[in-house]
Structure formats: structure tokens, C-alpha cells
file run-v8.txt (compact mmCIF, C-alpha atoms and all ligand atoms)
# COMPACT_ATOMS: atom_id res chain seq x y z
CA MET A 11 -10.85 3.50 -5.25
CA LEU A 12 -7.90 3.89 -3.08
CA THR A 13 -8.49 5.41 0.30
CA ARG A 14 -6.08 7.58 2.19
CA ARG A 15 -5.86 4.91 4.79
CA GLY A 16 -4.93 2.54 2.04
CA MET A 17 -1.72 4.36 1.45
CA LEU A 18 -1.00 4.79 5.13
CA GLY A 19 -1.69 1.17 5.70
CA SER A 20 0.69 0.05 3.05
CA VAL A 21 3.39 2.33 4.29
CA CYS A 22 3.01 1.32 7.87
CA LYS A 23 2.00 -2.25 7.88
CA GLN A 24 4.02 -3.84 5.16
CA CYS A 25 6.01 -2.71 6.82
CA LEU A 26 7.74 0.49 7.56
CA GLY A 27 6.12 0.62 10.95
CA PHE A 28 6.20 3.81 12.91
CA SER A 29 8.49 2.48 15.54
CA ALA A 30 11.19 4.09 17.58
CA LEU A 31 14.65 2.59 17.47
CA THR A 32 15.21 2.94 21.13
CA GLN A 33 13.71 -0.35 22.19
CA ALA A 34 15.45 -3.63 22.93
CA PRO A 35 17.07 -4.94 19.76
CA LEU A 36 16.63 -8.54 18.69
CA ALA A 37 18.95 -11.07 17.15
CA LEU A 38 20.43 -9.36 14.10
CA SER A 39 20.50 -5.90 15.45
CA GLN A 40 23.37 -4.88 17.57
CA THR A 41 23.11 -4.92 21.31
CA SER A 42 25.04 -1.85 22.38
CA SER A 43 23.29 1.49 22.33
CA GLU A 44 25.40 3.35 19.81
CA PRO A 45 25.68 3.05 16.05
CA ALA A 46 28.25 0.44 15.01
CA ALA A 47 25.59 -1.31 12.96
CA ASN A 48 28.36 -3.49 11.56
CA SER A 49 29.35 -4.95 14.90
CA ALA A 50 26.16 -7.03 14.99
CA PRO A 51 26.33 -10.82 15.05
CA ALA A 52 26.90 -12.67 11.78
CA LEU A 53 23.92 -13.46 9.55
CA PRO A 54 22.11 -16.70 10.37
CA GLY A 55 22.72 -19.56 7.97
CA ARG A 56 20.31 -20.27 5.10
CA PHE A 57 17.00 -21.72 6.21
CA GLU A 58 16.12 -25.31 5.40
CA ARG A 59 12.68 -25.71 3.93
CA PRO A 60 10.48 -26.50 6.94
CA GLY A 61 8.62 -29.83 7.07
CA ILE A 62 5.18 -29.80 5.49
CA ASP A 63 3.58 -30.95 8.77
CA THR A 64 4.87 -27.97 10.74
CA GLU A 65 3.28 -24.58 11.27
CA GLU A 66 6.12 -22.92 9.38
CA GLY A 67 5.87 -25.49 6.60
CA GLY A 68 2.18 -24.68 6.21
CA LEU A 69 3.01 -21.00 5.98
CA TRP A 70 5.63 -21.61 3.30
CA GLY A 71 3.17 -23.71 1.32
CA MET A 72 0.64 -20.88 1.36
CA MET A 73 3.29 -18.38 0.33
CA ASP A 74 4.36 -20.66 -2.54
CA ARG A 75 0.79 -20.64 -3.81
CA GLU A 76 0.61 -16.85 -3.52
CA GLU A 77 3.88 -16.61 -5.42
CA ALA A 78 2.51 -18.80 -8.21
CA LYS A 79 -0.50 -16.46 -8.41
CA LEU A 80 1.75 -13.42 -8.40
CA ARG A 81 3.76 -14.79 -11.33
CA ARG A 82 0.56 -14.87 -13.41
CA SER A 83 -0.70 -11.50 -12.23
CA PRO A 84 -1.19 -8.74 -14.83
CA PHE A 85 0.24 -6.35 -12.24
CA VAL A 86 3.72 -7.87 -12.42
CA ILE A 87 6.22 -5.65 -14.22
CA ARG A 88 7.73 -7.96 -16.80
CA ASP A 89 11.00 -6.18 -17.37
CA LEU A 90 13.90 -8.60 -16.99
CA ALA A 91 16.59 -5.91 -16.84
CA LEU A 92 14.84 -3.90 -14.12
CA THR A 93 13.98 -7.04 -12.15
CA LYS A 94 17.59 -8.16 -12.33
CA TYR A 95 18.74 -4.72 -11.20
CA VAL A 96 16.56 -4.90 -8.07
CA GLN A 97 17.36 -8.58 -7.53
CA ASP A 98 21.08 -7.76 -7.62
CA ILE A 99 20.62 -5.10 -4.94
CA ALA A 100 18.67 -7.58 -2.80
CA CYS A 101 21.46 -10.12 -3.29
CA ARG A 102 24.14 -7.64 -2.37
CA LEU A 103 22.26 -7.03 0.90
CA ALA A 104 21.27 -10.63 1.63
CA ALA A 105 24.77 -12.00 0.93
CA ASP A 106 24.70 -15.78 1.52
CA HIS A 107 20.90 -15.74 1.52
CA CYS A 108 20.83 -14.40 -2.04
CA PRO A 109 19.64 -17.67 -3.63
CA ASP A 110 16.58 -17.60 -1.35
CA VAL A 111 15.41 -14.09 -2.32
CA ARG A 112 13.14 -13.83 -5.36
CA VAL A 113 12.25 -10.30 -6.37
CA HIS A 114 8.90 -9.54 -8.05
CA LEU A 115 8.15 -6.00 -9.20
CA VAL A 116 4.48 -5.06 -8.98
CA ARG A 117 2.72 -2.18 -10.70
CA THR A 118 0.78 -0.60 -7.84
CA PRO A 119 1.15 3.13 -7.13
CA LEU A 120 1.83 2.85 -3.40
CA PHE A 121 4.94 2.86 -1.29
CA ASN A 122 5.41 -0.74 -0.32
CA ALA A 123 7.76 -3.68 -0.23
CA SER A 124 7.48 -6.99 1.58
CA MET A 125 9.36 -10.22 1.93
CA ALA A 126 7.43 -13.39 2.71
CA PRO A 127 8.88 -16.22 4.82
CA ASN A 128 9.48 -18.39 1.73
CA GLY A 129 11.69 -15.73 0.13
CA MET A 130 9.13 -14.05 -2.16
CA MET A 131 9.94 -10.35 -2.21
CA GLN A 132 7.53 -7.79 -3.67
CA VAL A 133 8.54 -4.26 -4.58
CA TRP A 134 5.75 -1.95 -5.71
CA SER A 135 6.09 0.73 -8.37
CA GLY A 136 4.91 3.47 -5.98
CA LEU A 137 8.05 2.80 -3.96
CA LEU A 138 10.26 2.86 -7.05
CA LEU A 139 8.75 6.22 -8.07
CA ARG A 140 9.42 7.65 -4.61
CA VAL A 141 12.94 6.53 -3.77
CA GLU A 142 15.62 8.80 -5.16
CA ASN A 143 18.53 6.44 -5.52
CA GLU A 144 19.79 2.92 -5.09
CA ALA A 145 20.78 3.44 -1.46
CA GLN A 146 17.20 4.44 -0.53
CA LEU A 147 15.88 1.35 -2.26
CA ALA A 148 18.51 -0.72 -0.45
CA ALA A 149 17.34 0.74 2.85
CA ILE A 150 13.83 -0.63 2.32
CA LEU A 151 14.96 -3.97 0.93
CA GLY A 152 17.43 -4.33 3.81
CA HIS A 153 14.64 -3.68 6.31
CA GLU A 154 12.47 -6.39 4.68
CA ILE A 155 15.36 -8.83 4.57
CA GLY A 156 15.86 -8.07 8.26
CA HIS A 157 12.30 -9.27 9.00
CA TYR A 158 12.99 -12.37 6.93
CA LEU A 159 16.32 -13.24 8.58
CA GLU A 160 14.85 -12.81 12.03
CA ARG A 161 11.77 -14.85 11.06
CA HIS A 162 9.42 -12.25 12.40
CA THR A 163 6.39 -13.63 10.61
CA LEU A 164 6.64 -16.93 12.39
CA GLU A 165 7.12 -15.17 15.71
CA ARG A 166 4.06 -13.07 14.97
CA LEU A 167 1.98 -16.09 14.00
CA ARG A 168 2.87 -17.78 17.26
CA ASP A 169 1.93 -14.64 19.16
CA MET A 170 -1.47 -14.56 17.50
CA LYS A 171 -2.13 -18.27 17.87
CA ASN A 172 -5.25 -18.43 15.81
CA ARG A 173 -6.39 -19.29 12.34
CA ALA A 174 -7.16 -15.69 11.45
CA ALA A 175 -3.47 -14.98 11.80
CA PHE A 176 -2.77 -17.08 8.73
CA ALA A 177 -5.26 -15.03 6.74
CA GLN A 178 -3.50 -11.88 7.91
CA VAL A 179 -0.16 -13.16 6.75
CA ILE A 180 -1.61 -13.95 3.36
CA GLY A 181 -2.96 -10.42 3.27
CA MET A 182 0.43 -9.01 4.14
CA PHE A 183 2.48 -10.91 1.62
CA GLY A 184 -0.01 -12.19 -0.90
CA VAL A 185 -1.07 -10.82 -4.22
CA VAL A 186 -2.89 -7.54 -4.09
CA GLY A 187 -4.86 -7.89 -7.27
CA ALA A 188 -6.82 -4.71 -7.01
CA LEU A 189 -6.27 -1.60 -5.01
CA GLY A 190 -9.64 -2.07 -3.32
CA GLN A 191 -8.15 -4.82 -1.20
CA LEU A 192 -5.80 -2.38 0.45
CA GLY A 193 -8.55 -1.26 2.75
CA VAL A 194 -8.39 -4.71 4.30
CA LEU A 195 -4.62 -4.54 4.63
CA SER A 196 -4.69 -1.24 6.42
CA GLY A 197 -6.75 -2.72 9.22
CA MET A 198 -4.23 -5.43 10.04
CA SER A 199 -1.53 -5.54 12.58
CA ALA A 200 1.55 -6.90 10.92
CA PHE A 201 4.78 -6.70 12.85
CA SER A 202 5.22 -5.53 16.40
CA ARG A 203 7.02 -2.32 17.18
CA GLU A 204 9.93 -4.29 18.59
CA GLN A 205 10.17 -6.20 15.34
CA GLU A 206 10.11 -2.98 13.34
CA THR A 207 12.89 -1.56 15.46
CA SER A 208 14.88 -4.69 15.00
CA ALA A 209 14.31 -4.76 11.24
CA ASP A 210 15.42 -1.13 11.00
CA ARG A 211 18.65 -1.96 12.77
CA ALA A 212 19.23 -5.04 10.67
CA GLY A 213 18.46 -3.09 7.49
CA MET A 214 20.98 -0.40 8.41
CA ARG A 215 23.59 -3.01 9.09
CA LEU A 216 22.96 -4.80 5.80
CA MET A 217 22.97 -1.62 3.72
CA GLN A 218 26.15 -0.30 5.29
CA SER A 219 27.87 -3.68 4.93
CA ALA A 220 26.93 -3.57 1.24
CA GLY A 221 28.63 -0.17 0.96
CA TYR A 222 25.58 2.10 0.80
CA ASP A 223 25.17 5.49 2.45
CA GLY A 224 23.14 4.71 5.58
CA GLN A 225 21.80 8.25 5.91
CA GLN A 226 19.65 7.59 2.85
CA ALA A 227 17.45 5.38 5.06
CA ALA A 228 16.50 8.48 7.03
CA ARG A 229 15.91 10.41 3.80
CA VAL A 230 13.28 7.89 2.69
CA TRP A 231 11.39 8.48 5.89
CA ASP A 232 11.78 12.23 5.68
CA ASN A 233 10.27 12.20 2.22
CA LEU A 234 7.29 10.12 3.36
CA ILE A 235 6.70 12.48 6.26
CA GLY A 236 6.44 15.26 3.69
CA GLU A 237 3.66 13.45 1.87
CA LEU A 238 1.82 12.48 5.06
CA LYS A 239 2.00 16.01 6.44
CA ILE A 240 -0.23 17.36 3.74
CA ARG A 241 -3.10 15.48 5.36
CA GLY A 242 -2.68 17.26 8.65
CA GLY A 243 0.87 16.85 9.89
CA GLU A 244 1.25 15.59 13.42
CA LYS A 245 -2.49 15.08 13.65
CA ALA A 246 -2.38 12.39 10.99
CA GLY A 247 -3.20 9.99 13.82
CA SER A 248 -6.70 11.37 14.05
CA ARG A 249 -7.38 9.78 10.68
CA SER A 250 -5.54 6.55 11.36
CA PRO A 251 -5.53 4.49 14.56
CA LEU A 252 -2.24 3.14 13.40
CA LEU A 253 -0.48 6.50 13.43
CA ALA A 254 -2.13 7.36 16.71
CA SER A 255 -0.72 4.27 18.38
CA HIS A 256 2.83 4.79 17.18
CA PRO A 257 5.46 7.36 17.96
CA PRO A 258 5.68 10.31 15.57
CA ALA A 259 7.36 9.39 12.32
CA ALA A 260 10.02 12.03 12.85
CA THR A 261 11.37 9.95 15.75
CA ARG A 262 12.06 7.12 13.44
CA ARG A 263 13.78 9.35 10.92
CA ASP A 264 16.00 10.75 13.67
CA ASP A 265 16.81 7.31 15.02
CA LEU A 266 17.79 6.07 11.59
CA MET A 267 20.02 9.10 11.15
CA ARG A 268 21.70 8.35 14.47
CA LEU A 269 22.12 4.68 13.58
CA ALA A 270 23.70 5.66 10.25
CA GLY A 271 26.38 7.68 12.03
CA ASP A 272 28.89 9.45 9.82
CA LYS A 273 29.94 6.45 7.79
CA SER A 274 29.93 7.39 4.13
CA GLY A 275 28.83 5.16 1.29
CA GLU A 276 27.39 4.96 -2.20
CA THR A 277 24.07 6.47 -3.18
CA GLY A 278 23.84 5.08 -6.72
CA THR A 279 21.67 7.90 -8.05
CA THR A 280 22.66 7.65 -11.71
CA GLU A 281 22.38 3.86 -11.73
CA PHE A 282 18.91 4.01 -10.21
CA GLN A 283 17.66 6.65 -12.63
CA LYS A 284 19.02 4.73 -15.59
CA ALA A 285 17.46 1.46 -14.44
CA THR A 286 13.99 2.93 -13.92
CA ALA A 287 13.88 5.48 -16.78
CA LEU A 288 11.76 3.39 -19.13
CA HIS A 289 8.93 3.07 -16.62
CA LYS A 290 8.91 6.49 -15.02
CA MET A 291 6.21 8.00 -17.24
CA THR A 292 3.86 5.07 -16.58
CA TRP A 293 4.45 5.29 -12.83
CA LEU A 294 3.81 9.04 -12.87
CA GLN A 295 0.54 8.48 -14.70
CA ASP A 296 -0.45 5.74 -12.24
CA GLU A 297 0.26 8.16 -9.41
CA ILE A 298 -2.00 10.81 -10.97
CA LYS A 299 -4.78 8.22 -11.30
CA ARG A 300 -4.83 7.72 -7.51
CA GLY A 301 -6.68 11.01 -7.41
CA GLN A 302 -4.82 12.11 -4.27
CA TYR A 303 -3.77 15.41 -5.81
CA GLU A 304 -2.31 17.05 -2.71
CA GLU A 305 -0.03 14.11 -1.96
CA SER A 306 0.99 13.82 -5.58
CA LEU A 307 1.88 17.51 -5.68
CA VAL A 308 4.19 17.11 -2.67
CA LEU A 309 5.89 14.21 -4.41
CA PHE A 310 6.17 16.01 -7.77
CA ASP A 311 7.46 19.23 -6.14
CA ARG A 312 10.20 17.17 -4.52
CA LEU A 313 11.16 15.40 -7.75
CA ILE A 314 11.18 18.65 -9.75
CA GLY A 315 13.21 20.32 -6.98
CA GLN A 316 15.88 17.69 -7.51
CA ASN A 317 15.78 17.95 -11.26
CA PRO A 318 14.15 21.11 -12.64
CA ALA A 319 14.65 19.83 -16.21
CA ASP A 320 12.61 16.67 -15.61
CA ALA A 321 10.04 17.08 -18.40
CA GLN A 322 8.05 13.98 -17.41
CA THR A 323 7.45 15.13 -13.84
CA LEU A 324 6.71 18.68 -15.02
CA PHE A 325 4.06 17.14 -17.27
CA ALA A 326 2.72 15.11 -14.32
CA ARG A 327 2.46 18.14 -12.05
CA GLY A 328 0.85 20.18 -14.81
CA GLU A 329 -1.62 17.38 -15.39
CA VAL A 330 -2.54 17.22 -11.68
CA TYR A 331 -3.21 20.96 -11.73
CA ARG A 332 -5.28 20.57 -14.89
CA GLN A 333 -7.37 17.76 -13.41
CA ARG A 334 -7.83 19.38 -10.01
CA ASP A 335 -8.89 22.63 -11.67
CA ASP A 336 -9.02 24.83 -8.57
CA LYS A 337 -8.79 28.62 -8.86
CA ASP A 338 -5.16 29.11 -9.95
CA ASP A 339 -4.70 25.61 -11.26
CA PRO A 340 -5.21 26.25 -15.01
CA GLN A 341 -2.47 28.89 -14.98
CA LEU A 342 -0.12 26.69 -12.90
CA SER A 343 -0.80 23.85 -15.28
CA ILE A 344 -0.01 25.95 -18.35
CA GLU A 345 3.26 27.08 -16.73
CA ASP A 346 4.42 23.52 -16.03
CA LEU A 347 3.29 22.12 -19.37
CA SER A 348 4.88 24.99 -21.30
CA ARG A 349 8.12 24.53 -19.37
CA ALA A 350 8.07 20.83 -20.21
CA ALA A 351 7.33 21.62 -23.87
CA ARG A 352 10.41 23.84 -24.09
CA LEU A 353 12.70 21.07 -22.81
CA GLY A 354 14.31 18.61 -25.17
CA ASN A 355 12.18 15.56 -25.89
CA PRO A 356 9.08 16.33 -23.80
CA PRO A 357 6.42 13.60 -23.40
CA VAL A 358 3.93 13.93 -26.23
CA GLU A 359 1.06 14.04 -23.70
CA VAL A 360 2.20 17.57 -22.80
CA PHE A 361 0.63 18.87 -26.02
CA ARG A 362 -2.65 17.05 -25.53
CA SER A 363 -3.00 18.52 -22.02
CA LEU A 364 -2.10 22.00 -23.24
CA GLY A 365 -4.66 21.64 -26.02
CA LEU A 366 -7.35 20.62 -23.54
CA ILE A 367 -6.66 23.56 -21.25
CA TYR A 368 -6.62 26.12 -24.06
CA LYS A 369 -9.77 24.58 -25.51
CA LYS A 370 -11.50 24.98 -22.17
CA GLN A 371 -10.32 28.59 -22.00
CA GLN A 372 -11.65 29.05 -25.55
CA ASP A 373 -8.24 30.07 -26.81
CA THR A 374 -8.77 28.53 -30.24
CA THR A 375 -5.43 29.42 -31.79
CA LEU A 376 -3.30 27.97 -29.00
CA ALA A 377 -5.57 24.92 -28.63
CA LEU A 378 -5.25 24.14 -32.33
CA GLN A 379 -1.48 24.56 -32.24
CA ALA A 380 -1.15 22.20 -29.28
CA PHE A 381 -3.48 19.51 -30.69
CA GLU A 382 -1.73 19.61 -34.06
CA ARG A 383 1.62 19.22 -32.41
CA TYR A 384 0.25 16.27 -30.44
CA LEU A 385 -1.04 14.53 -33.56
CA ALA A 386 2.18 15.21 -35.45
CA ALA A 387 4.17 13.54 -32.67
CA ALA A 388 1.73 10.69 -32.00
CA PRO A 389 -0.33 10.04 -35.14
CA GLU A 390 -1.16 6.52 -33.94
CA ALA A 391 -2.31 7.55 -30.44
CA ALA A 392 -5.42 5.79 -29.17
CA ASP A 393 -7.23 9.11 -28.90
CA ALA A 394 -6.03 10.45 -32.27
CA SER A 395 -9.51 10.45 -33.81
CA LEU A 396 -10.95 12.27 -30.81
CA ILE A 397 -8.29 14.95 -31.10
CA LYS A 398 -8.95 15.20 -34.85
CA ASN A 399 -12.59 15.88 -34.03
CA TYR A 400 -11.56 18.64 -31.64
CA ILE A 401 -9.43 20.15 -34.38
CA THR A 402 -12.31 20.04 -36.83
CA ASP A 403 -14.65 21.68 -34.31
CA LEU A 404 -12.10 24.38 -33.42
CA THR A 405 -11.06 25.22 -36.95
CA PRO A 406 -12.78 28.46 -37.95
ZN ZN A 501 8.92 -3.61 8.83

call {"tool": "encode", "arguments": {"input": "run-v8.txt", "output": "C-alpha cells", "more": "lines below"}}
Ligand SMILES: [Zn+2]
result
Amino acid sequence: MLTRRGMLGSVCKQCLGFSALTQAPLALSQTSSEPAANSAPALPGRFERPGIDTEEGGLWGMMDREEAKLRRSPFVIRDLALTKYVQDIACRLAADHCPDVRVHLVRTPLFNASMAPNGMMQVWSGLLLRVENEAQLAAILGHEIGHYLERHTLERLRDMKNRAAFAQVIGMFGVVGALGQLGVLSGMSAFSREQETSADRAGMRLMQSAGYDGQQAARVWDNLIGELKIRGGEKAGSRSPLLASHPPAATRRDDLMRLAGDKSGETGTTEFQKATALHKMTWLQDEIKRGQYEESLVLFDRLIGQNPADAQTLFARGEVYRQRDDKDDPQLSIEDLSRAARLGNPPVEVFRSLGLIYKKQQDTTLALQAFERYLAAAPEAADASLIKNYITDLTP
């Protein structure tokens, strides 16, 4: 089971840290106080593979092994077109470093991305479900590439100076086979606040240089704040030592907005939606399975607000209401599912859920109609025989 801290941990540690942008910038980030993210020094040259007998070489070797494991993992999303789409965005941001960045998409319903020192980049499906366009995705990838270019992991390892630090790095960048392991991740300290600040600045610079709308970086954060708020707003820190020890998330959002300035750029909304369309239903269902209904409802409200004719997300919200089953939930569920059913090409699952609700309410006629429509649309469904049994039982 995934804990609440699991999600927080992944958001914060790997590594959208809750840092302010007001601290001393490092190498890639610019040194003057005001925006001009593009006036920063040039990117460092590509890194040579470090010698096997060095600390950094040892780290790379471990990351190579993790990457080999990741390639075999059942959690990897094996969609060449989507992987290429994300890889191309990473390349556009990383410029000359493009050949060193290897994108792996991972099916895990949490907001997370990371880039290991050897160039292995992971992007999780929970992030892809939550970002609204290509520019928002670029904001996160740019931030991770910023950590990579500034070699923050190595810096961090040297700070920690102990063997346990290596284990932490593996935890940060390695394969998360099962969600249960996230509890371990959330207890780690990954990057320092200074490093987070620096990576935010570098990310802004990279995304704006690549032609993206920098303000979208702030939007990502704003959207996450919305989800976190549902657990108690500003007091979220009382549930997580991590949040307690960092400045309020709103600070970061505001700082990113200031860094972005008024420079315009692409958002790439249509491109992003097209690239991810095939997977969206699966990612919505994975999100529902987290069992964090309140957070999911915030997310689904936002997505439906942007596109009221999004039948898949209407189904997802209706399904959360159906599963939560609080006082008004059955009615809210019926409203969403019926709305989805009236749209062109609704997901077939809409009719199964409607059937289940009506069955529970002992509305035999409507339950039968919904189940029959489900079977007509999905005669080969895995649960077809179960639904047939319901129909037999309900038929007068
Ligand atoms: Zn970070």
C-alpha cells in the first residue's frame, strides 16, 4: 500500500524539493538576482566516463546495474513512440548532452522524475498524468538535467561521506519495483536546498532556451499544491518532517514565476495530449487504485475543468465516487458516469460502473440496461461472465 508520505516523498525528494529560489545560485544558474535565466554560463562539456577506481566511477557502475534492472522491469512502459517523444524533449533541453540522456518511462502512479549520474532518466506515469502540456514536462526534465549537469549527486555523496550514502543514491535513482519501497524513499534526504534552488534555475534556463513557456514551471507547482492542500493545507508539515523543514511550497511557485519573467514560449498542449492519449485510461485507473480518493478528486476536478468533454476523466471521477461511497457519492457518480456515457466514444467501463451502482440501488431496469450495453461493447471483457451472471440474477 502506498502511504501519503510515499507520495510526498516522491514529490519532494526525487526531487522537486521545497526550496526557495532566493539562495546563492550555483554553477549553471545565473548569478545576478533578476530573471535573465538565459544569461547563465554556457553548459559544461559532456562528461567523460569516470575511472572505475574512483568514487564517481563506482557510482556510475552501480547506476549501470540499476539501469539494466530497469530495462527488464515489468513496470517499464514499452511504447517506443511515447518514449521517443519524451526523449526528444529531454534532448531539446540537454542540447549537446543529448547522447548521454536515456529516458525510461515507468508505470508508477506518483509524480516523479529523476536523472542518475550515468544519464539514466526515469519519468513516472503519475507525472505524465499530472502535467498538462509539453512545457510542464520540460520544466521537470530541465530541473533533473540541471542536477545532472551540476553533478549534484557526487557533491551530495561527498557531503555524506559514508557507505550508507551510496545506498541512498541507489534508492533515489534505482528501480522502484513495488510501491511499498516508497516508504523507504520518503525518509531519505536527497539533494540540499541549495541544490534544489540551483536545479530550478538551471531548469528554467534550459526550458526557456528550448523555446518553452517558463511560466508553466510555476503551474506544475501550483497544481501540486492543490493536491497537497487537501491533506491539510499549510499544516501539511505536521504529517511530514520534510515539509516542516522546508519553506512553504507557494514560495517556490512564486519564485519560479518571477524567474520565468514575461518571456513567452510554447506550451505544446496538443502535442502532449496526442502523445499520451493511448495510455491515459490506464494511468487514470492506476491513480484510482492508489486509494487516495481526496487527492484523486482534486486532480480529476482540475483535468475536467480544463476539458469538460473528457469522457475518460469523467469516468475516473465517477468511479472514485462510486468506490468511496460516502453520503452523496452514488448520486455524484451517476452524474459523472451518465455525462461520460452521453459523450462520443465513452470508455466501455462507464457502463459497468453504472450497472454496479444501479444494481446496488436495486434499480433493476437501469442496471440491466447498463450491463447489457457493457457486454455489447466489450463481449470479450475479462469479467464478461460475471456480468452475465448479474444479468441472469436481475432478469425478472
Ligand atoms: Zn531536484

call {"tool": "closest_residue", "arguments": {"input": "run-v8.txt", "among": "A:Asp373, A:Asp339, A:Asp346, A:Glu204", "to": "Arg327 in chain A", "atoms": "all atoms listed in the file"}}
result
A:Asp346

call {"tool": "residues_around", "arguments": {"input": "run-v8.txt", "residues": "Phe325 in chain A", "least_positions_apart": "4", "cutoff": "7 Å", "atoms": "all atoms listed in the file", "output": "count of residues only"}}
result
6

call {"tool": "atom_distance", "arguments": {"input": "run-v8.txt", "atom1": "CA of Asp232 in chain A", "atom2": "CA of Ala149 in chain A"}}
result
13.1 Å

call {"tool": "closest_atom_pairs", "arguments": {"input": "run-v8.txt", "of": "range 48-89 of chain A", "to": "range 108-128 of chain A", "cutoff": "9 Å", "atoms": "all atoms listed in the file", "output": "CSV"}}
result
residue,atom,partner,partner_atom,distance
A:Arg56,CA,A:Asp110,CA,7.9
A:Phe57,CA,A:Asp110,CA,8.6
A:Arg59,CA,A:Asn128,CA,8.3
A:Glu66,CA,A:Pro127,CA,8.6
A:Leu69,CA,A:Pro127,CA,7.7
A:Trp70,CA,A:Asn128,CA,5.3
A:Gly71,CA,A:Asn128,CA,8.3
A:Met73,CA,A:Asn128,CA,6.3
A:Asp74,CA,A:Asn128,CA,7.0
A:Leu80,CA,A:His114,CA,8.1
A:Arg81,CA,A:His114,CA,8.0
A:Ser83,CA,A:Val116,CA,8.9
A:Pro84,CA,A:Arg117,CA,8.7
A:Phe85,CA,A:Arg117,CA,5.1
A:Val86,CA,A:Val116,CA,4.5
A:Ile87,CA,A:Leu115,CA,5.4
A:Arg88,CA,A:Leu115,CA,7.9
A:Asp89,CA,A:Leu115,CA,8.7

call {"tool": "closest_residue", "arguments": {"input": "run-v8.txt", "among": "A:Gly152, A:Gly129, A:Pro54, A:Pro357", "to": "ligand ZN 501 (chain A)", "atoms": "all atoms listed in the file"}}
result
A:Gly152

call {"tool": "closest_atom_pairs", "arguments": {"input": "run-v8.txt", "of": "range 62-98 of chain A", "to": "range 264-283 of chain A", "cutoff": "12 Å", "atoms": "all atoms listed in the file", "output": "CSV"}}
result
residue,atom,partner,partner_atom,distance
A:Leu92,CA,A:Phe282,CA,9.7
A:Tyr95,CA,A:Phe282,CA,8.8
A:Val96,CA,A:Phe282,CA,9.5

call {"tool": "write_last_selection", "arguments": {"input": "run-v8.txt", "atoms": "C-alpha atoms", "output": "PDB file, keeping the file's coordinate frame"}}
result
ATOM      1  CA  LEU A  92      14.840  -3.900 -14.120  1.00  0.00           C
ATOM      2  CA  TYR A  95      18.740  -4.720 -11.200  1.00  0.00           C
ATOM      3  CA  VAL A  96      16.560  -4.900  -8.070  1.00  0.00           C
TER       4      VAL A  96
END

call {"tool": "atom_distance", "arguments": {"input": "run-v8.txt", "atom1": "CA of Glu305 in chain A", "atom2": "CA of Glu237 in chain A"}}
result
5.4 Å

call {"tool": "closest_residue", "arguments": {"input": "run-v8.txt", "among": "A:Met72, A:Ala227, A:Leu147, A:Leu342", "to": "Arg215 in chain A", "atoms": "only C-alpha atoms"}}
result
A:Ala227

call {"tool": "atom_distance", "arguments": {"input": "run-v8.txt", "atom1": "CA of Leu159 in chain A", "atom2": "CA of Thr261 in chain A"}}
result
24.8 Å

call {"tool": "closest_residue", "arguments": {"input": "run-v8.txt", "among": "A:Glu65, A:Ala209, A:Ala91, A:Phe183", "to": "ligand ZN 501 (chain A)", "atoms": "all atoms listed in the file"}}
result
A:Ala209

call {"tool": "closest_residue", "arguments": {"input": "run-v8.txt", "among": "A:Glu76, A:Glu154, A:Asp98, A:Asp106", "to": "ligand ZN 501 (chain A)", "atoms": "all atoms listed in the file"}}
result
A:Glu154

call {"tool": "closest_residue", "arguments": {"input": "run-v8.txt", "among": "A:Pro340, A:Gly213, A:Gly184, A:Gly68", "to": "ligand ZN 501 (chain A)", "atoms": "all atoms listed in the file"}}
result
A:Gly213

call {"tool": "decode", "arguments": {"input": "run-v8.txt", "residues": "range 279-301 of chain A", "atoms": "C-alpha atoms", "output": "compact mmCIF listing (two decimals), in the first residue's frame"}}
result
# COMPACT_ATOMS: atom_id res chain seq x y z
CA THR A 279 -0.59 21.18 -25.22
CA THR A 280 -1.94 19.41 -28.31
CA GLU A 281 1.33 17.57 -28.91
CA PHE A 282 1.42 16.34 -25.33
CA GLN A 283 -2.19 15.16 -25.35
CA LYS A 284 -1.69 13.35 -28.63
CA ALA A 285 1.48 11.64 -27.43
CA THR A 286 -0.05 10.36 -24.19
CA ALA A 287 -3.63 9.62 -25.36
CA LEU A 288 -3.18 5.86 -25.68
CA HIS A 289 -2.13 5.47 -22.05
CA LYS A 290 -4.38 7.94 -20.31
CA MET A 291 -7.12 5.47 -19.36
CA THR A 292 -4.57 3.09 -17.80
CA TRP A 293 -2.95 5.91 -15.84
CA LEU A 294 -6.33 7.12 -14.60
CA GLN A 295 -7.15 3.61 -13.41
CA ASP A 296 -3.75 3.32 -11.70
CA GLU A 297 -4.45 6.61 -9.96
CA ILE A 298 -7.81 5.32 -8.67
CA LYS A 299 -6.08 2.19 -7.34
CA ARG A 300 -3.90 4.31 -5.04
CA GLY A 301 -6.99 4.62 -2.89
